[in-house]
Amino acid sequence: MRNEQQISTSVLVIGTGGSGLRAAIELAEAGTDVLAVGKRPRYDAHTALAAGGINAALGTMDAEDSWQQHAADTIKESYFLADPRTVQVVAEGAARGIEDLERYGMNFARETDGRISQRFFGAHKFRRTAFAGDYTGLEIQRTLIKRAEQLQVPILDTVYITELLTAKGRIFGAYGFDVNDGTGYLIHADAVILAAGGHNRIWRRSSSRRDENTGDSFRLAVQAGARLRDPELVQFHPSGIIEPESDAGTLVSEAARGEGGILTNALGERFMARYDAKRMELSTRDRVALAAYTEIREGRGTENGGVWLDVSHLDREVIMKRLPRVYQTMMELQMLDITEQKMEIAPTAHYSMGGVWVDPLTHATEVPGLYAIGEASSGLHGANRLGGNSLIELLVFGRIVGQHAAQYSASLAAQPRSAQAVTAARTHIAELLGSRGQENVRSLQRAIRDLMTEHAGVVRDEAGLLAGLAKLERIEQRMENVGIHPDIAGYQDLAHAFDLQSAALAARATLEAALERRETRGCHNRSDYPAMDPALQVNLVWSPSTGITREAIPEVPEQIAEQITEVSQEGKLVE
């Protein structure tokens with residue numbers, strides 16, 4: 001019998017990245033009891049990888065900017081799949097989000113007169129992206145950790161949550177284990193905030209690290225009775241490295257193209273001329289990814305299945321000043337000097353634009369007491385994410401969800417519990433720990449990543465998606481015969497087994513929704529349905545019990561709709 005810790009709190013936050021920490025801070029500032037747990041060190045959360053910047057219509061550089069214009073740009077870039085209500089909440093609340101970061105001590109880049117500096121990101125009409133060098137996400141994460149420590153927010157960042165606990169359809173906590181020593185954790189909580197990321201690690205090349213964004217949020221929410229919205233809408237970044245295999249998908253910042261980088265295929269052709277002769281390398285993220293994918297697919301890629309990105313024609317001083325992170329990354333991972341050598345890249349799974357279904361204003365799920373924020377949630381990005389919006393989303397909805405979770409907790413006269421649910425969670429872990437099957441968890445994870453890359457990558461079609469589902473069914477059968485072997489290093493093998501279950505559920509949701517979306521829209525390319533279908537300007541909502549239902553999107557308010565115009569991209573990198 002393993003040891004078990006029992007903890008009670010008012011609100012449990014699962015995930016210690018930007019969204020989880022911001023929610024925990026809001027709760028602590030309001031005097032509500034909160035506990036934050038994560039499966040990886042808090043300083044190493046995925047938020048720390050975000051480079052470019054954070055959006056808010058502050059008007060520090062362009063006084064005519066407004067939240068209405070920010071909302072309009074977001075909706076247009078979403079291919080009209082974003083929920084206008086969610087978009088309005090984020091755009092209106094963005095300035096407050098920046099103020100909160102300043103209050104916590106965030107060091108933004110500033111103009112000589114002290115104003116927060118803002119720059120263009122693609123598809124923004126005005127300069128509204130605030131930044132801190134090319135380490136914006138890392139600075140935000142550090143700032144939030146510092147504030148959480150000031151408030152003495154308890155953070156457990158070696159706890160893997162395996163199940164959400166429900167009684168009579170309501171949340172009453174969660175169960176998990178310590179990834180180092182296997183200690184069980186029974187956590188009673190009035191409310192749970194899911195902030196454990198998306199599912200882009202289920203592709204072979206991903207900008208996420210090995211054990212993050214494996215679909216944990218999706219599995220936990222669905223097993224508790226929630227649904228997923230638009231899981232097929234996944235943004236592929238055009239420039240992920242190919243080697244070494246252990247780091248495949250690590251991003252080469254789009255700043256490399258923004259500063260004048262050139263894309264060529266194995267024949268030496270500057271291939272963007274075929275896809276966007278006007279904007280070339282400054283074209284949109286989805287278009288560049290599609291172009292690179294097409295070149296590789298049609299046999300004009302490199303031997304390793306990539307294309308070349310070259311900045312070596314730029315002055316060394318420009319590279320060292322403007323692209324320090326790219327230079328450092330390539331030197332560390334490949335001993336490659338980008339001032340002299342070109343980089344081999346390929347499209348990489350980057351961002352889950354769909355996620356857990358949530359209320360557009362409160363981010364409450366359909367399960368009382370359960371909320372989802374950040375990449376775990378859905379509603380803001382639609383079929384293409386506006387660069388810089390993901391970081392501000394964390395700040396805005398972290399604050400709002402913290403407030404609503406506190407109110408929900410305070411409103412309860414009693415907390416329902418279920419001994420049966422707790423026993424089931426314990427049994428699930430015990431059965432896996434007793435598994436001595438022949439199947440290796442890691443090899444099955446790799447099989448899912450291979451099938452998703454082959455059948456649900458940048459371009460999809462009916463036959464490929466059906467073949468992917470058939471392969472997934474065979475993998476799901478093999479999952480019943482896994483072997484789990486904790487060792488002296490800890491219980492990582494058990495964590496990988498739960499990651500595998502999450503990946504399988506997320507893959508099924510993605511494949512089934514991609515099959516249903518018989519059109520090409522934004523990031524979702526169907527070669528057998530190359531046109532956009534007005535009838536599919538809807539959200540696809542999935543659950544294993546009900547399958548897929550179509551959900552209408554509310555009309556865009558007039559004050560936002562009148563701002564939706566074509567945005568000039570002359571000389572700008574389009575993200």
# chains A, B, ... in the order shown; residues from 1 in each chain; ligands from 1
>>> select_by_dssp(residues="region 184-297 of chain A", states="helix (DSSP H, G or I)", output="PyMOL selection string")
chain A and resi 200-202+216-223+245-247+255-258+271-274+280-282+285-297
>>> residues_around(residues="Ala561 (chain A)", least_positions_apart="3", cutoff="10 Å", atoms="only C-alpha atoms", output="PDB file with all heavy atoms, in the first residue's frame")
ATOM      1  N   GLN A  68     -12.007  47.653 -29.459  1.00  0.00           N
ATOM      2  CA  GLN A  68     -12.907  47.208 -30.533  1.00  0.00           C
ATOM      3  C   GLN A  68     -12.104  46.743 -31.750  1.00  0.00           C
ATOM      4  O   GLN A  68     -12.439  45.744 -32.394  1.00  0.00           O
ATOM      5  CB  GLN A  68     -13.867  48.337 -30.948  1.00  0.00           C
ATOM      6  CG  GLN A  68     -14.906  48.692 -29.897  1.00  0.00           C
ATOM      7  CD  GLN A  68     -14.470  49.820 -28.972  1.00  0.00           C
ATOM      8  OE1 GLN A  68     -13.277  50.074 -28.820  1.00  0.00           O
ATOM      9  NE2 GLN A  68     -15.433  50.506 -28.367  1.00  0.00           N
ATOM     10  N   GLN A  69     -11.016  47.478 -32.070  1.00  0.00           N
ATOM     11  CA  GLN A  69     -10.189  47.086 -33.210  1.00  0.00           C
ATOM     12  C   GLN A  69      -9.433  45.790 -32.911  1.00  0.00           C
ATOM     13  O   GLN A  69      -9.276  44.931 -33.781  1.00  0.00           O
ATOM     14  CB  GLN A  69      -9.202  48.210 -33.551  1.00  0.00           C
ATOM     15  CG  GLN A  69      -8.401  47.948 -34.835  1.00  0.00           C
ATOM     16  CD  GLN A  69      -9.282  47.869 -36.065  1.00  0.00           C
ATOM     17  OE1 GLN A  69     -10.009  48.819 -36.386  1.00  0.00           O
ATOM     18  NE2 GLN A  69      -9.251  46.730 -36.752  1.00  0.00           N
ATOM     19  N   ALA A  71     -10.492  43.417 -30.989  1.00  0.00           N
ATOM     20  CA  ALA A  71     -11.508  42.361 -31.108  1.00  0.00           C
ATOM     21  C   ALA A  71     -11.793  42.043 -32.574  1.00  0.00           C
ATOM     22  O   ALA A  71     -11.902  40.872 -32.966  1.00  0.00           O
ATOM     23  CB  ALA A  71     -12.791  42.786 -30.395  1.00  0.00           C
ATOM     24  N   ALA A  72     -11.906  43.094 -33.388  1.00  0.00           N
ATOM     25  CA  ALA A  72     -12.179  42.902 -34.819  1.00  0.00           C
ATOM     26  C   ALA A  72     -11.067  42.115 -35.498  1.00  0.00           C
ATOM     27  O   ALA A  72     -11.318  41.185 -36.278  1.00  0.00           O
ATOM     28  CB  ALA A  72     -12.359  44.260 -35.502  1.00  0.00           C
ATOM     29  N   ASP A  73      -9.814  42.460 -35.205  1.00  0.00           N
ATOM     30  CA  ASP A  73      -8.677  41.747 -35.793  1.00  0.00           C
ATOM     31  C   ASP A  73      -8.680  40.279 -35.358  1.00  0.00           C
ATOM     32  O   ASP A  73      -8.363  39.377 -36.142  1.00  0.00           O
ATOM     33  CB  ASP A  73      -7.356  42.392 -35.362  1.00  0.00           C
ATOM     34  CG  ASP A  73      -7.174  43.799 -35.937  1.00  0.00           C
ATOM     35  OD1 ASP A  73      -7.958  44.194 -36.822  1.00  0.00           O
ATOM     36  OD2 ASP A  73      -6.235  44.499 -35.491  1.00  0.00           O
ATOM     37  N   ILE A  75     -11.313  38.388 -34.421  1.00  0.00           N
ATOM     38  CA  ILE A  75     -12.423  37.657 -35.050  1.00  0.00           C
ATOM     39  C   ILE A  75     -12.133  37.382 -36.514  1.00  0.00           C
ATOM     40  O   ILE A  75     -12.360  36.275 -37.021  1.00  0.00           O
ATOM     41  CB  ILE A  75     -13.743  38.425 -34.871  1.00  0.00           C
ATOM     42  CG1 ILE A  75     -14.182  38.350 -33.407  1.00  0.00           C
ATOM     43  CG2 ILE A  75     -14.829  37.888 -35.796  1.00  0.00           C
ATOM     44  CD1 ILE A  75     -15.320  39.275 -33.037  1.00  0.00           C
ATOM     45  N   LYS A  76     -11.602  38.366 -37.213  1.00  0.00           N
ATOM     46  CA  LYS A  76     -11.274  38.173 -38.628  1.00  0.00           C
ATOM     47  C   LYS A  76     -10.227  37.076 -38.794  1.00  0.00           C
ATOM     48  O   LYS A  76     -10.340  36.197 -39.641  1.00  0.00           O
ATOM     49  CB  LYS A  76     -10.766  39.480 -39.238  1.00  0.00           C
ATOM     50  CG  LYS A  76     -10.435  39.383 -40.717  1.00  0.00           C
ATOM     51  CD  LYS A  76     -10.078  40.748 -41.286  1.00  0.00           C
ATOM     52  CE  LYS A  76      -9.829  40.658 -42.787  1.00  0.00           C
ATOM     53  NZ  LYS A  76      -8.637  39.860 -43.110  1.00  0.00           N
ATOM     54  N   PRO A  84     -17.627  35.846 -30.273  1.00  0.00           N
ATOM     55  CA  PRO A  84     -17.457  37.294 -30.098  1.00  0.00           C
ATOM     56  C   PRO A  84     -17.516  37.743 -28.641  1.00  0.00           C
ATOM     57  O   PRO A  84     -16.890  38.731 -28.260  1.00  0.00           O
ATOM     58  CB  PRO A  84     -18.619  37.891 -30.902  1.00  0.00           C
ATOM     59  CG  PRO A  84     -18.999  36.839 -31.882  1.00  0.00           C
ATOM     60  CD  PRO A  84     -18.743  35.529 -31.185  1.00  0.00           C
ATOM     61  N   GLU A 555     -23.805  36.372 -33.291  1.00  0.00           N
ATOM     62  CA  GLU A 555     -23.483  37.449 -34.242  1.00  0.00           C
ATOM     63  C   GLU A 555     -22.468  38.418 -33.622  1.00  0.00           C
ATOM     64  O   GLU A 555     -22.489  38.670 -32.408  1.00  0.00           O
ATOM     65  CB  GLU A 555     -24.769  38.194 -34.591  1.00  0.00           C
ATOM     66  CG  GLU A 555     -24.660  39.024 -35.860  1.00  0.00           C
ATOM     67  CD  GLU A 555     -26.023  39.556 -36.297  1.00  0.00           C
ATOM     68  OE1 GLU A 555     -27.031  38.868 -36.067  1.00  0.00           O
ATOM     69  OE2 GLU A 555     -26.054  40.672 -36.856  1.00  0.00           O
ATOM     70  N   VAL A 556     -21.597  38.936 -34.454  1.00  0.00           N
ATOM     71  CA  VAL A 556     -20.591  39.891 -33.991  1.00  0.00           C
ATOM     72  C   VAL A 556     -21.274  41.224 -33.693  1.00  0.00           C
ATOM     73  O   VAL A 556     -22.003  41.752 -34.541  1.00  0.00           O
ATOM     74  CB  VAL A 556     -19.491  40.098 -35.059  1.00  0.00           C
ATOM     75  CG1 VAL A 556     -18.447  41.105 -34.574  1.00  0.00           C
ATOM     76  CG2 VAL A 556     -18.828  38.766 -35.400  1.00  0.00           C
ATOM     77  N   PRO A 557     -21.084  41.797 -32.506  1.00  0.00           N
ATOM     78  CA  PRO A 557     -21.697  43.089 -32.184  1.00  0.00           C
ATOM     79  C   PRO A 557     -21.282  44.164 -33.187  1.00  0.00           C
ATOM     80  O   PRO A 557     -20.152  44.169 -33.689  1.00  0.00           O
ATOM     81  CB  PRO A 557     -21.140  43.413 -30.787  1.00  0.00           C
ATOM     82  CG  PRO A 557     -20.750  42.097 -30.221  1.00  0.00           C
ATOM     83  CD  PRO A 557     -20.299  41.264 -31.384  1.00  0.00           C
ATOM     84  N   GLU A 558     -22.192  45.092 -33.444  1.00  0.00           N
ATOM     85  CA  GLU A 558     -21.961  46.114 -34.471  1.00  0.00           C
ATOM     86  C   GLU A 558     -20.700  46.939 -34.201  1.00  0.00           C
ATOM     87  O   GLU A 558     -19.946  47.262 -35.116  1.00  0.00           O
ATOM     88  CB  GLU A 558     -23.182  47.040 -34.561  1.00  0.00           C
ATOM     89  CG  GLU A 558     -23.115  47.994 -35.744  1.00  0.00           C
ATOM     90  CD  GLU A 558     -24.375  48.837 -35.877  1.00  0.00           C
ATOM     91  OE1 GLU A 558     -25.412  48.440 -35.301  1.00  0.00           O
ATOM     92  OE2 GLU A 558     -24.319  49.883 -36.548  1.00  0.00           O
ATOM     93  N   ILE A 564     -14.002  45.552 -38.691  1.00  0.00           N
ATOM     94  CA  ILE A 564     -13.365  44.443 -39.407  1.00  0.00           C
ATOM     95  C   ILE A 564     -13.072  44.871 -40.837  1.00  0.00           C
ATOM     96  O   ILE A 564     -13.964  45.015 -41.664  1.00  0.00           O
ATOM     97  CB  ILE A 564     -14.258  43.183 -39.393  1.00  0.00           C
ATOM     98  CG1 ILE A 564     -14.452  42.701 -37.951  1.00  0.00           C
ATOM     99  CG2 ILE A 564     -13.646  42.071 -40.239  1.00  0.00           C
ATOM    100  CD1 ILE A 564     -15.394  41.513 -37.802  1.00  0.00           C
ATOM    101  N   THR A 565     -11.805  45.091 -41.105  1.00  0.00           N
ATOM    102  CA  THR A 565     -11.353  45.522 -42.433  1.00  0.00           C
ATOM    103  C   THR A 565     -10.095  44.754 -42.805  1.00  0.00           C
ATOM    104  O   THR A 565      -9.487  44.076 -41.979  1.00  0.00           O
ATOM    105  CB  THR A 565     -11.029  47.032 -42.445  1.00  0.00           C
ATOM    106  OG1 THR A 565     -10.034  47.289 -41.435  1.00  0.00           O
ATOM    107  CG2 THR A 565     -12.265  47.862 -42.166  1.00  0.00           C
TER     108      THR A 565
END
>>> residues_around(residues="Gly306 (chain A)", least_positions_apart="5", cutoff="12 Å", atoms="only C-alpha atoms", output="mmCIF file with N, CA and C atoms, in the first residue's frame")
data_model
loop_
_atom_site.group_PDB
_atom_site.id
_atom_site.type_symbol
_atom_site.label_atom_id
_atom_site.label_comp_id
_atom_site.auth_asym_id
_atom_site.auth_seq_id
_atom_site.Cartn_x
_atom_site.Cartn_y
_atom_site.Cartn_z
ATOM 1 N N ARG A 205 6.298 16.110 -34.513
ATOM 2 C CA ARG A 205 7.062 17.338 -34.311
ATOM 3 C C ARG A 205 6.159 18.341 -33.629
ATOM 4 N N PRO A 238 5.371 27.223 -38.921
ATOM 5 C CA PRO A 238 6.140 26.813 -40.111
ATOM 6 C C PRO A 238 7.568 26.365 -39.835
ATOM 7 N N SER A 239 8.149 26.761 -38.698
ATOM 8 C CA SER A 239 9.591 26.519 -38.552
ATOM 9 C C SER A 239 9.964 25.833 -37.249
ATOM 10 N N GLY A 240 9.895 24.497 -37.278
ATOM 11 C CA GLY A 240 10.395 23.691 -36.171
ATOM 12 C C GLY A 240 11.625 22.942 -36.646
ATOM 13 N N ILE A 241 12.616 22.780 -35.779
ATOM 14 C CA ILE A 241 13.823 22.066 -36.205
ATOM 15 C C ILE A 241 13.516 20.570 -36.337
ATOM 16 N N ILE A 242 14.353 19.861 -37.080
ATOM 17 C CA ILE A 242 14.134 18.444 -37.350
ATOM 18 C C ILE A 242 15.029 17.572 -36.479
ATOM 19 N N GLU A 243 16.235 18.019 -36.261
ATOM 20 C CA GLU A 243 17.197 17.254 -35.459
ATOM 21 C C GLU A 243 17.730 18.099 -34.310
ATOM 22 N N ALA A 248 12.976 17.511 -31.805
ATOM 23 C CA ALA A 248 12.279 17.809 -33.069
ATOM 24 C C ALA A 248 11.040 18.650 -32.792
ATOM 25 N N GLY A 249 10.894 19.748 -33.539
ATOM 26 C CA GLY A 249 9.749 20.634 -33.368
ATOM 27 C C GLY A 249 10.065 21.887 -32.576
ATOM 28 N N LEU A 263 13.538 31.359 -47.326
ATOM 29 C CA LEU A 263 13.165 29.953 -47.370
ATOM 30 C C LEU A 263 13.476 29.370 -48.743
ATOM 31 N N THR A 264 14.164 28.241 -48.777
ATOM 32 C CA THR A 264 14.445 27.552 -50.040
ATOM 33 C C THR A 264 14.179 26.058 -49.882
ATOM 34 N N ASN A 265 13.924 25.403 -51.009
ATOM 35 C CA ASN A 265 13.751 23.951 -50.976
ATOM 36 C C ASN A 265 15.078 23.271 -51.315
ATOM 37 N N ALA A 266 15.059 21.954 -51.473
ATOM 38 C CA ALA A 266 16.291 21.205 -51.732
ATOM 39 C C ALA A 266 16.905 21.560 -53.088
ATOM 40 N N ALA A 289 3.344 27.503 -43.479
ATOM 41 C CA ALA A 289 3.365 26.099 -43.068
ATOM 42 C C ALA A 289 2.842 25.200 -44.188
ATOM 43 N N ALA A 291 2.842 25.913 -47.394
ATOM 44 C CA ALA A 291 3.809 25.947 -48.493
ATOM 45 C C ALA A 291 4.966 24.976 -48.242
ATOM 46 N N ALA A 292 5.533 25.027 -47.031
ATOM 47 C CA ALA A 292 6.644 24.130 -46.694
ATOM 48 C C ALA A 292 6.192 22.678 -46.752
ATOM 49 N N TYR A 293 5.007 22.405 -46.222
ATOM 50 C CA TYR A 293 4.464 21.044 -46.243
ATOM 51 C C TYR A 293 4.336 20.550 -47.691
ATOM 52 N N THR A 294 3.821 21.414 -48.571
ATOM 53 C CA THR A 294 3.613 21.032 -49.972
ATOM 54 C C THR A 294 4.941 20.736 -50.668
ATOM 55 N N GLU A 295 5.932 21.577 -50.430
ATOM 56 C CA GLU A 295 7.254 21.355 -51.039
ATOM 57 C C GLU A 295 7.824 19.994 -50.617
ATOM 58 N N ILE A 296 7.700 19.696 -49.337
ATOM 59 C CA ILE A 296 8.223 18.427 -48.811
ATOM 60 C C ILE A 296 7.428 17.256 -49.389
ATOM 61 N N ARG A 297 6.107 17.378 -49.393
ATOM 62 C CA ARG A 297 5.225 16.306 -49.854
ATOM 63 C C ARG A 297 5.436 16.009 -51.341
ATOM 64 N N GLU A 298 5.744 17.036 -52.114
ATOM 65 C CA GLU A 298 5.902 16.854 -53.569
ATOM 66 C C GLU A 298 7.335 16.516 -53.978
ATOM 67 N N GLY A 299 8.176 16.224 -52.972
ATOM 68 C CA GLY A 299 9.515 15.711 -53.282
ATOM 69 C C GLY A 299 10.602 16.749 -53.432
ATOM 70 N N ARG A 300 10.315 17.992 -53.064
ATOM 71 C CA ARG A 300 11.337 19.038 -53.196
ATOM 72 C C ARG A 300 11.944 19.403 -51.832
ATOM 73 N N GLY A 301 11.688 18.548 -50.839
ATOM 74 C CA GLY A 301 12.243 18.777 -49.514
ATOM 75 C C GLY A 301 13.632 18.197 -49.376
ATOM 76 N N MET A 343 19.461 26.749 -41.686
ATOM 77 C CA MET A 343 18.772 25.854 -40.759
ATOM 78 C C MET A 343 17.777 24.978 -41.507
ATOM 79 N N GLU A 344 17.706 23.705 -41.101
ATOM 80 C CA GLU A 344 16.759 22.769 -41.697
ATOM 81 C C GLU A 344 15.512 22.727 -40.818
ATOM 82 N N ILE A 345 14.373 23.047 -41.398
ATOM 83 C CA ILE A 345 13.135 23.175 -40.610
ATOM 84 C C ILE A 345 11.974 22.463 -41.302
ATOM 85 N N ALA A 346 10.908 22.261 -40.557
ATOM 86 C CA ALA A 346 9.663 21.708 -41.100
ATOM 87 C C ALA A 346 8.509 22.186 -40.228
ATOM 88 N N PRO A 347 7.273 22.159 -40.754
ATOM 89 C CA PRO A 347 6.123 22.577 -39.939
ATOM 90 C C PRO A 347 6.007 21.729 -38.673
ATOM 91 N N THR A 348 5.572 22.368 -37.588
ATOM 92 C CA THR A 348 5.496 21.700 -36.292
ATOM 93 C C THR A 348 4.195 22.063 -35.576
#
>>> closest_residue(among="A:Arg22, A:Gly215, A:Arg227, A:Val288", to="Thr546 (chain A)", atoms="only C-alpha atoms")
A:Arg227
>>> closest_residue(among="A:Ala414, A:Val401, A:Leu505, A:Leu156", to="Leu27 (chain A)", atoms="only C-alpha atoms")
A:Val401
>>> select_by_dssp(residues="region 154-235 of chain A", states="strand (DSSP E)", output="PyMOL selection string")
chain A and resi 155-156+159-167+170-178+184-194+228-229+234-235
>>> closest_residue(among="A:Gly268, A:Gly137, A:Gly176, A:Gly547", to="Leu164 (chain A)", atoms="only C-alpha atoms")
A:Gly176
>>> atom_distance(atom1="CA of Ile155 (chain A)", atom2="CA of Gly355 (chain A)")
24.7 Å
>>> residues_around(residues="region 228-237 of chain A", least_positions_apart="2", cutoff="6 Å", atoms="only C-alpha atoms", output="list in words")
Ser239, Pro347, Thr348, Ala349, His350, Tyr351, Ser352, Met353, Gly354, Gly355, Val356, Trp357, Ala383, Thr510, Ala513, Ala514, Cys523, Asn539, Leu540, Val541 and Trp542 of chain A
>>> write_last_selection(atoms="N, CA and C atoms", output="PDB file, in the first residue's frame")
ATOM      1  N   SER A 239       8.149  26.761 -38.698  1.00  0.00           N
ATOM      2  CA  SER A 239       9.591  26.519 -38.552  1.00  0.00           C
ATOM      3  C   SER A 239       9.964  25.833 -37.249  1.00  0.00           C
ATOM      4  N   PRO A 347       7.273  22.159 -40.754  1.00  0.00           N
ATOM      5  CA  PRO A 347       6.123  22.577 -39.939  1.00  0.00           C
ATOM      6  C   PRO A 347       6.007  21.729 -38.673  1.00  0.00           C
ATOM      7  N   THR A 348       5.572  22.368 -37.588  1.00  0.00           N
ATOM      8  CA  THR A 348       5.496  21.700 -36.292  1.00  0.00           C
ATOM      9  C   THR A 348       4.195  22.063 -35.576  1.00  0.00           C
ATOM     10  N   ALA A 349       3.558  21.092 -34.919  1.00  0.00           N
ATOM     11  CA  ALA A 349       2.322  21.354 -34.161  1.00  0.00           C
ATOM     12  C   ALA A 349       2.639  22.338 -33.038  1.00  0.00           C
ATOM     13  N   HIS A 350       1.869  23.410 -32.948  1.00  0.00           N
ATOM     14  CA  HIS A 350       2.259  24.513 -32.077  1.00  0.00           C
ATOM     15  C   HIS A 350       1.221  24.918 -31.036  1.00  0.00           C
ATOM     16  N   TYR A 351      -0.066  24.934 -31.397  1.00  0.00           N
ATOM     17  CA  TYR A 351      -1.035  25.515 -30.467  1.00  0.00           C
ATOM     18  C   TYR A 351      -2.414  24.894 -30.667  1.00  0.00           C
ATOM     19  N   SER A 352      -3.054  24.505 -29.559  1.00  0.00           N
ATOM     20  CA  SER A 352      -4.420  23.974 -29.589  1.00  0.00           C
ATOM     21  C   SER A 352      -5.392  25.148 -29.525  1.00  0.00           C
ATOM     22  N   MET A 353      -6.040  25.443 -30.637  1.00  0.00           N
ATOM     23  CA  MET A 353      -6.970  26.576 -30.636  1.00  0.00           C
ATOM     24  C   MET A 353      -8.346  26.166 -30.128  1.00  0.00           C
ATOM     25  N   GLY A 354      -8.666  24.871 -30.230  1.00  0.00           N
ATOM     26  CA  GLY A 354      -9.840  24.346 -29.570  1.00  0.00           C
ATOM     27  C   GLY A 354      -9.462  23.881 -28.173  1.00  0.00           C
ATOM     28  N   GLY A 355     -10.440  23.308 -27.468  1.00  0.00           N
ATOM     29  CA  GLY A 355     -10.168  22.833 -26.109  1.00  0.00           C
ATOM     30  C   GLY A 355     -11.461  22.506 -25.392  1.00  0.00           C
ATOM     31  N   VAL A 356     -11.420  22.547 -24.088  1.00  0.00           N
ATOM     32  CA  VAL A 356     -12.598  22.230 -23.277  1.00  0.00           C
ATOM     33  C   VAL A 356     -13.682  23.283 -23.514  1.00  0.00           C
ATOM     34  N   TRP A 357     -14.930  22.811 -23.680  1.00  0.00           N
ATOM     35  CA  TRP A 357     -16.048  23.752 -23.845  1.00  0.00           C
ATOM     36  C   TRP A 357     -16.229  24.527 -22.536  1.00  0.00           C
ATOM     37  N   ALA A 383     -10.148  29.438 -35.968  1.00  0.00           N
ATOM     38  CA  ALA A 383      -9.337  28.634 -36.882  1.00  0.00           C
ATOM     39  C   ALA A 383      -7.946  29.213 -37.137  1.00  0.00           C
ATOM     40  N   THR A 510      -9.757  14.741 -32.104  1.00  0.00           N
ATOM     41  CA  THR A 510      -9.221  15.525 -33.229  1.00  0.00           C
ATOM     42  C   THR A 510      -9.570  14.887 -34.565  1.00  0.00           C
ATOM     43  N   ALA A 513     -13.416  15.095 -35.269  1.00  0.00           N
ATOM     44  CA  ALA A 513     -13.856  16.459 -35.593  1.00  0.00           C
ATOM     45  C   ALA A 513     -13.304  16.902 -36.949  1.00  0.00           C
ATOM     46  N   ALA A 514     -12.069  16.500 -37.265  1.00  0.00           N
ATOM     47  CA  ALA A 514     -11.479  16.846 -38.569  1.00  0.00           C
ATOM     48  C   ALA A 514     -12.234  16.170 -39.700  1.00  0.00           C
ATOM     49  N   CYS A 523      -6.320  27.133 -40.214  1.00  0.00           N
ATOM     50  CA  CYS A 523      -5.314  26.101 -40.012  1.00  0.00           C
ATOM     51  C   CYS A 523      -5.757  24.741 -40.515  1.00  0.00           C
ATOM     52  N   ASN A 539     -19.017  25.958 -34.409  1.00  0.00           N
ATOM     53  CA  ASN A 539     -18.087  25.211 -33.559  1.00  0.00           C
ATOM     54  C   ASN A 539     -18.536  23.756 -33.513  1.00  0.00           C
ATOM     55  N   LEU A 540     -17.579  22.851 -33.576  1.00  0.00           N
ATOM     56  CA  LEU A 540     -17.872  21.420 -33.466  1.00  0.00           C
ATOM     57  C   LEU A 540     -17.578  20.988 -32.035  1.00  0.00           C
ATOM     58  N   VAL A 541     -18.592  20.501 -31.340  1.00  0.00           N
ATOM     59  CA  VAL A 541     -18.454  20.129 -29.928  1.00  0.00           C
ATOM     60  C   VAL A 541     -18.515  18.611 -29.817  1.00  0.00           C
ATOM     61  N   TRP A 542     -17.472  18.030 -29.152  1.00  0.00           N
ATOM     62  CA  TRP A 542     -17.281  16.575 -29.139  1.00  0.00           C
ATOM     63  C   TRP A 542     -17.314  16.005 -27.731  1.00  0.00           C
TER      64      TRP A 542
END
>>> closest_residue(among="A:Ala48, A:Ile448, A:Ile193, A:Val87", to="Leu361 (chain A)", atoms="only C-alpha atoms")
A:Val87
>>> atom_distance(atom1="CA of Thr250 (chain A)", atom2="CA of Asp450 (chain A)")
17.2 Å
>>> atom_distance(atom1="CA of Gly382 (chain A)", atom2="CA of Leu536 (chain A)")
12.2 Å
>>> closest_residue(among="A:Ile484, A:Leu469, A:Leu395, A:Ala82", to="Glu99 (chain A)", atoms="only C-alpha atoms")
A:Leu395
>>> residues_around(residues="Leu370 (chain A)", least_positions_apart="4", cutoff="8 Å", atoms="only C-alpha atoms", output="number ranges by chain")
A: 171, 191-194, 364-366
>>> closest_residue(among="A:Arg210, A:Arg119, A:Arg170, A:His46", to="Leu138 (chain A)", atoms="only C-alpha atoms")
A:His46
>>> residues_around(residues="Leu151 (chain A)", least_positions_apart="4", cutoff="12 Å", atoms="only C-alpha atoms", output="PyMOL selection string")
chain A and resi 21-22+24-35+104+144-147+155
>>> residues_around(residues="Ser502 (chain A)", least_positions_apart="3", cutoff="10 Å", atoms="only C-alpha atoms", output="list in words")
Thr162, His199, Ile202, Asn213, Thr214, Gly215, Asp216, Ser217, Phe218, Arg219, Leu220, His496, Ala497, Phe498, Asp499, Leu505, Ala506 and Ala507 of chain A
>>> decode(residues="region 293-298 of chain A", atoms="N, CA and C atoms", output="CSV table (one decimal), in the first residue's frame")
chain,number,residue,atom,x,y,z
A,293,TYR,N,5.0,22.4,-46.2
A,293,TYR,CA,4.5,21.0,-46.2
A,293,TYR,C,4.3,20.5,-47.7
A,294,THR,N,3.8,21.4,-48.6
A,294,THR,CA,3.6,21.0,-50.0
A,294,THR,C,4.9,20.7,-50.7
A,295,GLU,N,5.9,21.6,-50.4
A,295,GLU,CA,7.3,21.4,-51.0
A,295,GLU,C,7.8,20.0,-50.6
A,296,ILE,N,7.7,19.7,-49.3
A,296,ILE,CA,8.2,18.4,-48.8
A,296,ILE,C,7.4,17.3,-49.4
A,297,ARG,N,6.1,17.4,-49.4
A,297,ARG,CA,5.2,16.3,-49.9
A,297,ARG,C,5.4,16.0,-51.3
A,298,GLU,N,5.7,17.0,-52.1
A,298,GLU,CA,5.9,16.9,-53.6
A,298,GLU,C,7.3,16.5,-54.0
